[in-house]
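Structure first, commentary second.
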Amino acid sequence: MSELIRKNASELVDLLSSGEVSSVEVTQAHIDRTAAVDSAVHSYLHVSPESALATAAEIDRKRAAGEKLHPLAGLPIAVKDNLTTTDAPTTAGSKILEGWIPQYDATVVRKIREAGMPILGKTNLDEFAMGSSTEFSAYGPSKNPWDLTRIPGGSGGGSSSAVASFQAPIAFGSDTGGSIRFPAAVTGTVGIKPTYGAVSRYGLIALASSLDQVGPVSRNVLDAALLQDLIGGHDPHDSTSLPESLGSMVEAAKRQDVKGLRVGVIKELNGEGFQAGVKARFNESLRLLEAAGAEIVEVSCPSFEYAIAAYYLILPAEASSNLAKFDSVRFGLRKAPDGNPTIERVMAATREAGFGPEVKRRIILGTYALSSGYYDAYYGSAQKVRTLIQRDFAAAFAKADVLASPTAPTTAFKLGEKLEDPLAMYLNDIATIPANLAGIPGISIPNGLADEDGLPVGIQLLAPAREDSRLYQVGAALETMHEEQWGKRMIDFAPELEVR
Amino acid sequence: MAKDELMNYEKALEQFEVVIGLEVHVELNTKTKMFCGCRNEFGDEPNTNVCPICIALPGSLPAVNRRAVESSISIGLALGCEIAPTGRFARKNYFYPDLAKNFQTSQYDEPIAYEGQLEVEVPSGKTFTVLIERAHMEEDAGKLTHVGGNTGRIQGAEYSLVDYNRAGVPLVEIVTKPVYGAGAEAPELAAAYVRSIREIVKALGVSDARMERGNVRCDANVSLRLHGAEKLGTRTETKNVNSLRSIERAVRYEIQRQAAILAKGGTITQETRHWHEDKGATSSGRPKSDADDYRYFPEPDLVPVQPSKELIESLRAALPEQPSVRRKRLQGEWGFSDLEFRDVVNADLLDQIVETVAAGAKPQSARKWWTGELARIANAEEKDAAELAITPAEVAELATLVESGKINDRLAREVLGYVLAGEGSPSSVVAARGLEVVSDDSALLAAIDEALAKQPDVLEKIREGKVQAAGAVIGAVMQAMKGSADAGRVRELILERAAQ
Ligand SMILES: [Zn+2]
């Protein structure tokens, strides 16, 4: 197997721009890797080797001709399958969209095409990104490369497992309540949810519009910064996208300075329900930061207690409405009902056949939460909690420059372990959900292995809205300290996958 | 359709007080749609003005049309409304195949304009103040055509076709507060109100305001209560009243229908009713009750509309004159008597006359054409004069032909018939059919001499001063020339003969 696949994206970018390797070589190496391991890992729902190689060859030709190229030109990427692509099916992990080829590219997809990044394929996810394990994908779960009997996190388990198993140097995720950060934590990769509005959502198949955000998945903080610098910025197609630029994340990642930085530890996210190994690694990282000159302060966010409850009202409410367009009339599955095919019956039969159990559960929840007579008690109260959480963050950020917590309470659980217990599944996202409710950015970076099971643990850093660069700066600093301590990257501790 | 029992109108008004409420939808004539860049154009091939946004492909997002916001503010200002400094859109959720997203994006609890009023003059000359509750922005739905079956509705159709060209066309819905005290004039007030709205949006240039194309649509709410009663009666909402004449008739019908039910001790069902112009009756539609649950919630894909003070003031400064002011000005310019002018207004012919005068006709002859012959034809065909197949420019041409003596009144009526039948402009009809008056004096003289030979004493009578004796000869000549003679010229020639 080519050593190229193990390299960080930023290293590949250097090799490509210096002409030491060609994009076709890099792309082919990843295609080969997928052929060798993806039958076991199941990161991809669709692979596009021909178009990826065609893009790669085009970039190599342009580079040979001396054309000016984007720094990321020729670097292959995997795309989560809830982002629209005109040259590949886009299913969002649902049967209702099986075989649908969109008529337009998502804005982030357009940007990577314009930069000349070959698209390796579309990665697996829980249906419409509803889930924390990929087990709700209509096309079967992805596996954790560290232990194939375990979940790779969700909803973006396809992207996290692809990056962790060296099938892609970098990937797109989307994060509504932790769908980038939780998979990153359990697969030993880096995942970032930018500030709400920092990256266009145009072409992201909506789960919950006020919470969704597209972001990078990578093996290294600098890699993620390269991608966010490419995809960030205002998009006239997404009126919720921020009008202003947030500055260069790459520069922030290279700054790596934590001296005098105040790191707030969220009291409510470091106690009960957190695995011992998760807490141990978290506290060690705090000591590392402290040793590097950061000041550790405790902050309290009392309203986080209600975050999951509020999230599971706001998300289903928005989702129930967002998913109403899947009605068989214009695209996707159309199912003939038994008996007289009236429009209502066709719609009902299609939605019955096309949506999986978690999607149906949330549509029903959301429809109920928005019903007249219940709106104030449910959706209305949830919005109030959202305001309280924003206030908690504002108070915390008055005392600290960044906040820190474990990304998730536990390491990767076994496939099937929580499938029948939605509430237990929902609790995974306890540390990641508040950032979505407040619209602030969050990063999860590798934070060592838990003693009890030897599985990856993640640390989450949070910053005020628009201060994404702080996450890159602190994240990259901590990453460097870790790698110095470990003598190698955390991903290099992962067991070798059996190659077919 | 079951035949409703109706109470005599005067009797109904003796017993009951009429309360009406009007919801007028104005389709804006912006170049593009409300939330996407598709053309806003009436009559194009079905489904040609569509894109991922207005057919709700997964991942697409709306972006507000700035011009539509400005037009809406202008309408609000012209109605004397307050303009909201910030206003959110909301989603009105319901499944129907003309609604691609299965929700309508509309302003719900935060309309852009609210609390206005409009002075409306009814045919009797009385003026009412109609209070405006709100004017809000929303999007139109697509157009369904139901094929097969005999219901003309989706229920019972063999299949239905949907055209999304109209989906997402910007609408402003103007809602009045309940209107009390119009009594017997309620139907006329309803029509006059809609006429005023039409005049306003036309003068603003924000809508084509053609009712026959659905640019202006009215839903009329009617309820009755016993004189002196405090509680409002149950109302019905009559839809599909697509001409001023229909509005008047539908309101009158509902008053008579409801009165008959109430007088018998019955109760009114709160429901949507449909107006049938051909039958002159309303029929029961969908029951409307509190069970209608649209699950409104704030549209998370759009940021609130926040018009600046400067924008509002610049739009205010650009407002055209108020309809009442405009009317005073026009009456003065045209020199019409109060009675003449009221006839014009009540027949909804103001704009026709403005345009006819602009095309070169004298105001009085424009008035005579429109309130005379054209109104008579329209009445016979049961439509509005404005709907006749003749343009104001053609009417002006016709009037000019008469004034120049090329044709006489009788010929002009004939020419008008051919123009309405689609044979072309008045001059081309005159040319093609050879309808010009005979201005060749020798032909006229020959006819005159022939007539005089049959009535030899006429010349003598004229010479004795009995000039009216010429009438009999003029009549005979006109008959002989089959009307294609200029009666004035014939008279002159007879008098010349007598003087010889
Ligand atoms: Zn469109």
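Identifiers for the structure tokens are assigned positionally: chains receive A, B, ... in sequence, residues are indexed from 1 per chain, and ligands are indexed from 1 in the order shown.
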Interface, chain B side, toward chain A (10 Å; only C-alpha atoms) as number ranges by chain: B: 35-36, 51-53, 55-64, 91-103, 154-160, 162, 290-304
Distance query Ser248 of chain A at most 10 Å, only C-alpha atoms, self and fewer than 5 positions along chain excluded, as a list in words: Ala225, Leu226, Gln228, Asp229, Leu230, Gly232, Ala253, Asp468, Ser469 and Tyr472 of chain A
Output for the residues just chosen: N, CA and C atoms as a JSON list (two decimals), in the first residue's frame:
[["chain", "number", "residue", "atom", "x", "y", "z"],
["A", 225, "ALA", "N", -7.87, 23.44, 8.76],
["A", 225, "ALA", "CA", -7.79, 24.89, 8.51],
["A", 225, "ALA", "C", -7.71, 25.19, 7.01],
["A", 226, "LEU", "N", -6.92, 24.36, 6.31],
["A", 226, "LEU", "CA", -6.81, 24.55, 4.85],
["A", 226, "LEU", "C", -8.18, 24.48, 4.20],
["A", 228, "GLN", "N", -11.25, 24.80, 5.72],
["A", 228, "GLN", "CA", -12.19, 25.86, 6.12],
["A", 228, "GLN", "C", -11.86, 27.18, 5.42],
["A", 229, "ASP", "N", -10.58, 27.44, 5.21],
["A", 229, "ASP", "CA", -10.25, 28.68, 4.49],
["A", 229, "ASP", "C", -10.80, 28.65, 3.07],
["A", 230, "LEU", "N", -10.88, 27.45, 2.49],
["A", 230, "LEU", "CA", -11.43, 27.35, 1.13],
["A", 230, "LEU", "C", -12.96, 27.50, 1.11],
["A", 232, "GLY", "N", -15.11, 28.64, 3.57],
["A", 232, "GLY", "CA", -15.78, 29.67, 4.36],
["A", 232, "GLY", "C", -16.14, 30.88, 3.53],
["A", 253, "ALA", "N", -3.72, 28.26, 12.88],
["A", 253, "ALA", "CA", -3.21, 26.92, 13.20],
["A", 253, "ALA", "C", -1.69, 26.93, 13.29],
["A", 468, "ASP", "N", -13.56, 31.30, 15.34],
["A", 468, "ASP", "CA", -13.11, 29.96, 14.94],
["A", 468, "ASP", "C", -11.59, 29.85, 15.00],
["A", 469, "SER", "N", -10.91, 30.96, 14.70],
["A", 469, "SER", "CA", -9.45, 30.91, 14.62],
["A", 469, "SER", "C", -8.85, 30.49, 15.96],
["A", 472, "TYR", "N", -8.46, 26.80, 16.09],
["A", 472, "TYR", "CA", -7.34, 26.29, 15.30],
["A", 472, "TYR", "C", -6.02, 26.55, 16.02]]
Test item: residues at most 6 Å from Pro392 of chain B, only C-alpha atoms, excluding those fewer than 6 positions along its chain, as a PyMOL selection string: chain B and resi 352+355-356
Residues near segment 186-189 of chain B, cut-off 7 Å, only C-alpha atoms, skip fewer than 6 positions along chain, as number ranges by chain: B: 122, 248-249, 251-252
Selected residue, from A:Ile440, A:Pro152, A:Asp81, A:Pro169, that lies nearest to Arg33 of chain A when counting only C-alpha atoms: A:Pro169
Distance query Val305 of chain B at most 7 Å, only C-alpha atoms, self and fewer than 5 positions along chain excluded, as an MDAnalysis selection string: chainID B and resid 86:88
Taking only segment 284-420 of chain A into account, list the residues labelled alpha helix (DSSP H) by DSSP (computed from the backbone), as a CSV table (one decimal) with C-alpha atoms, in the first residue's frame.
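Printed below is selection33.csv as written:
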chain,number,residue,atom,x,y,z
A,284,GLU,CA,-4.0,15.4,31.4
A,285,SER,CA,-4.6,17.7,28.5
A,286,LEU,CA,-5.5,20.5,30.8
A,287,ARG,CA,-2.2,20.0,32.6
A,288,LEU,CA,-0.4,20.1,29.3
A,289,LEU,CA,-2.1,23.4,28.4
A,290,GLU,CA,-1.3,24.8,31.8
A,291,ALA,CA,2.3,23.8,31.5
A,307,ALA,CA,-29.8,21.3,26.2
A,308,ILE,CA,-30.7,17.8,25.1
A,309,ALA,CA,-34.4,18.3,25.8
A,310,ALA,CA,-34.4,21.6,23.9
A,311,TYR,CA,-32.4,20.2,21.1
A,312,TYR,CA,-34.8,17.3,20.7
A,313,LEU,CA,-37.7,19.7,20.3
A,314,ILE,CA,-36.1,22.2,18.0
A,315,LEU,CA,-34.4,19.7,15.7
A,316,PRO,CA,-37.5,17.5,15.1
A,317,ALA,CA,-39.7,20.6,14.7
A,318,GLU,CA,-37.4,22.0,11.9
A,319,ALA,CA,-36.8,18.5,10.5
A,320,SER,CA,-40.5,17.7,10.3
A,321,SER,CA,-40.9,20.7,8.0
A,322,ASN,CA,-37.7,20.3,6.1
A,343,ILE,CA,-52.2,12.1,-4.0
A,344,GLU,CA,-52.5,11.7,-0.2
A,345,ARG,CA,-52.2,7.9,-0.4
A,346,VAL,CA,-49.2,8.1,-2.8
A,347,MET,CA,-47.4,10.6,-0.5
A,348,ALA,CA,-48.2,8.5,2.6
A,349,ALA,CA,-47.1,5.2,0.9
A,350,THR,CA,-43.9,6.8,-0.3
A,351,ARG,CA,-43.0,8.3,3.1
A,352,GLU,CA,-43.9,5.1,4.8
A,353,ALA,CA,-41.6,3.1,2.6
A,354,GLY,CA,-38.9,5.6,2.1
A,357,PRO,CA,-37.6,4.5,12.0
A,358,GLU,CA,-35.5,7.3,13.4
A,359,VAL,CA,-36.7,9.7,10.8
A,360,LYS,CA,-40.3,8.8,11.4
A,361,ARG,CA,-39.8,9.1,15.1
A,362,ARG,CA,-38.4,12.7,14.7
A,363,ILE,CA,-41.0,13.8,12.2
A,364,ILE,CA,-43.7,12.7,14.6
A,365,LEU,CA,-42.0,14.4,17.5
A,366,GLY,CA,-41.5,17.6,15.5
A,367,THR,CA,-45.1,17.7,14.2
A,368,TYR,CA,-46.3,17.3,17.7
A,369,ALA,CA,-44.0,19.9,19.1
A,370,LEU,CA,-45.3,22.5,16.6
A,381,SER,CA,-39.9,26.7,25.7
A,382,ALA,CA,-37.0,25.1,23.7
A,383,GLN,CA,-36.3,28.4,22.2
A,384,LYS,CA,-36.1,30.0,25.6
A,385,VAL,CA,-33.7,27.3,26.7
A,386,ARG,CA,-31.7,28.2,23.7
A,387,THR,CA,-31.5,31.8,24.8
A,388,LEU,CA,-30.4,30.7,28.3
A,389,ILE,CA,-27.6,28.5,26.8
A,390,GLN,CA,-26.4,31.5,24.8
A,391,ARG,CA,-26.3,33.5,28.0
A,392,ASP,CA,-24.4,30.7,29.8
A,393,PHE,CA,-21.8,30.8,27.0
A,394,ALA,CA,-21.7,34.6,27.1
A,395,ALA,CA,-21.0,34.5,30.8
A,396,ALA,CA,-18.4,31.7,30.4
A,397,PHE,CA,-16.6,33.5,27.6
A,398,ALA,CA,-16.3,36.6,29.8
A,399,LYS,CA,-14.0,34.4,32.0
Using only C-alpha atoms, which protein or nucleic acid residues come within 7 Å of Glu119 of chain B? Drop anything in the same chain fewer than 3 positions from it, and give the result as a PDB file with N, CA and C atoms, in the first residue's frame.
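Writing the result to around_12.pdb gives the following:
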ATOM      1  N   THR B 127     -68.367  57.965   1.706  1.00  0.00           N
ATOM      2  CA  THR B 127     -66.999  57.490   1.889  1.00  0.00           C
ATOM      3  C   THR B 127     -66.888  56.713   3.193  1.00  0.00           C
ATOM      4  N   PHE B 128     -66.240  55.560   3.132  1.00  0.00           N
ATOM      5  CA  PHE B 128     -66.004  54.750   4.332  1.00  0.00           C
ATOM      6  C   PHE B 128     -64.516  54.680   4.600  1.00  0.00           C
ATOM      7  N   THR B 129     -64.175  54.603   5.894  1.00  0.00           N
ATOM      8  CA  THR B 129     -62.775  54.368   6.251  1.00  0.00           C
ATOM      9  C   THR B 129     -62.605  52.886   6.543  1.00  0.00           C
ATOM     10  N   VAL B 130     -61.800  52.234   5.728  1.00  0.00           N
ATOM     11  CA  VAL B 130     -61.537  50.811   5.960  1.00  0.00           C
ATOM     12  C   VAL B 130     -60.201  50.713   6.696  1.00  0.00           C
TER      13      VAL B 130
END
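Across the model, the gap from atom CA of Ser137 of chain A to atom CA of Glu452 of chain A is 29.3 Å.
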Selection near Gly183 of chain B, 10 Å with only C-alpha atoms, sequence-local residues under 4 positions removed, as a list of chain:residue names: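 Counting only the stated atoms, we get B:Leu13, B:Glu14, B:Phe16, B:Glu17, B:Val18, B:Val19, B:Ile20, B:Pro187, B:Leu189.
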DSSP-assigned strand (DSSP E or B) members of segment 239-290 of chain A, reported as a PyMOL selection string: chain A and resi 262-266
Selection export as a PDB file, in the first residue's frame, atoms kept: N, CA and C atoms:
ATOM      1  N   ARG A 262      -6.845  31.861  28.563  1.00  0.00           N
ATOM      2  CA  ARG A 262      -7.702  31.337  29.628  1.00  0.00           C
ATOM      3  C   ARG A 262      -8.566  30.208  29.083  1.00  0.00           C
ATOM      4  N   VAL A 263      -8.379  29.023  29.630  1.00  0.00           N
ATOM      5  CA  VAL A 263      -9.161  27.866  29.185  1.00  0.00           C
ATOM      6  C   VAL A 263     -10.219  27.575  30.240  1.00  0.00           C
ATOM      7  N   GLY A 264     -11.481  27.698  29.868  1.00  0.00           N
ATOM      8  CA  GLY A 264     -12.576  27.464  30.813  1.00  0.00           C
ATOM      9  C   GLY A 264     -13.007  26.007  30.772  1.00  0.00           C
ATOM     10  N   VAL A 265     -13.027  25.392  31.917  1.00  0.00           N
ATOM     11  CA  VAL A 265     -13.500  24.005  31.992  1.00  0.00           C
ATOM     12  C   VAL A 265     -14.957  24.043  32.428  1.00  0.00           C
ATOM     13  N   ILE A 266     -15.804  23.457  31.616  1.00  0.00           N
ATOM     14  CA  ILE A 266     -17.242  23.508  31.900  1.00  0.00           C
ATOM     15  C   ILE A 266     -17.579  22.473  32.969  1.00  0.00           C
TER      16      ILE A 266
END
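Taking atom CA of Arg376 of chain B as the reference point, atom CA of Leu401 of chain B is found at 20.7 Å.
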Nearest candidate to Ala135 of chain B (options B:Arg489, B:His25, B:Arg198, B:Arg217; using only C-alpha atoms):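 Result for the nearest residue to Ala135 of chain B: B:His25.
Minimum distance to Pro363 of chain B across B:Ala472, B:Phe341, B:Gln104, B:Ile73 (counting only C-alpha atoms) occurs at B:Phe341.
Using only C-alpha atoms, the smallest distance between any of A:Asp451, A:Asp338, A:Asp401, A:Glu58 and Gly260 of chain A comes from A:Asp401.
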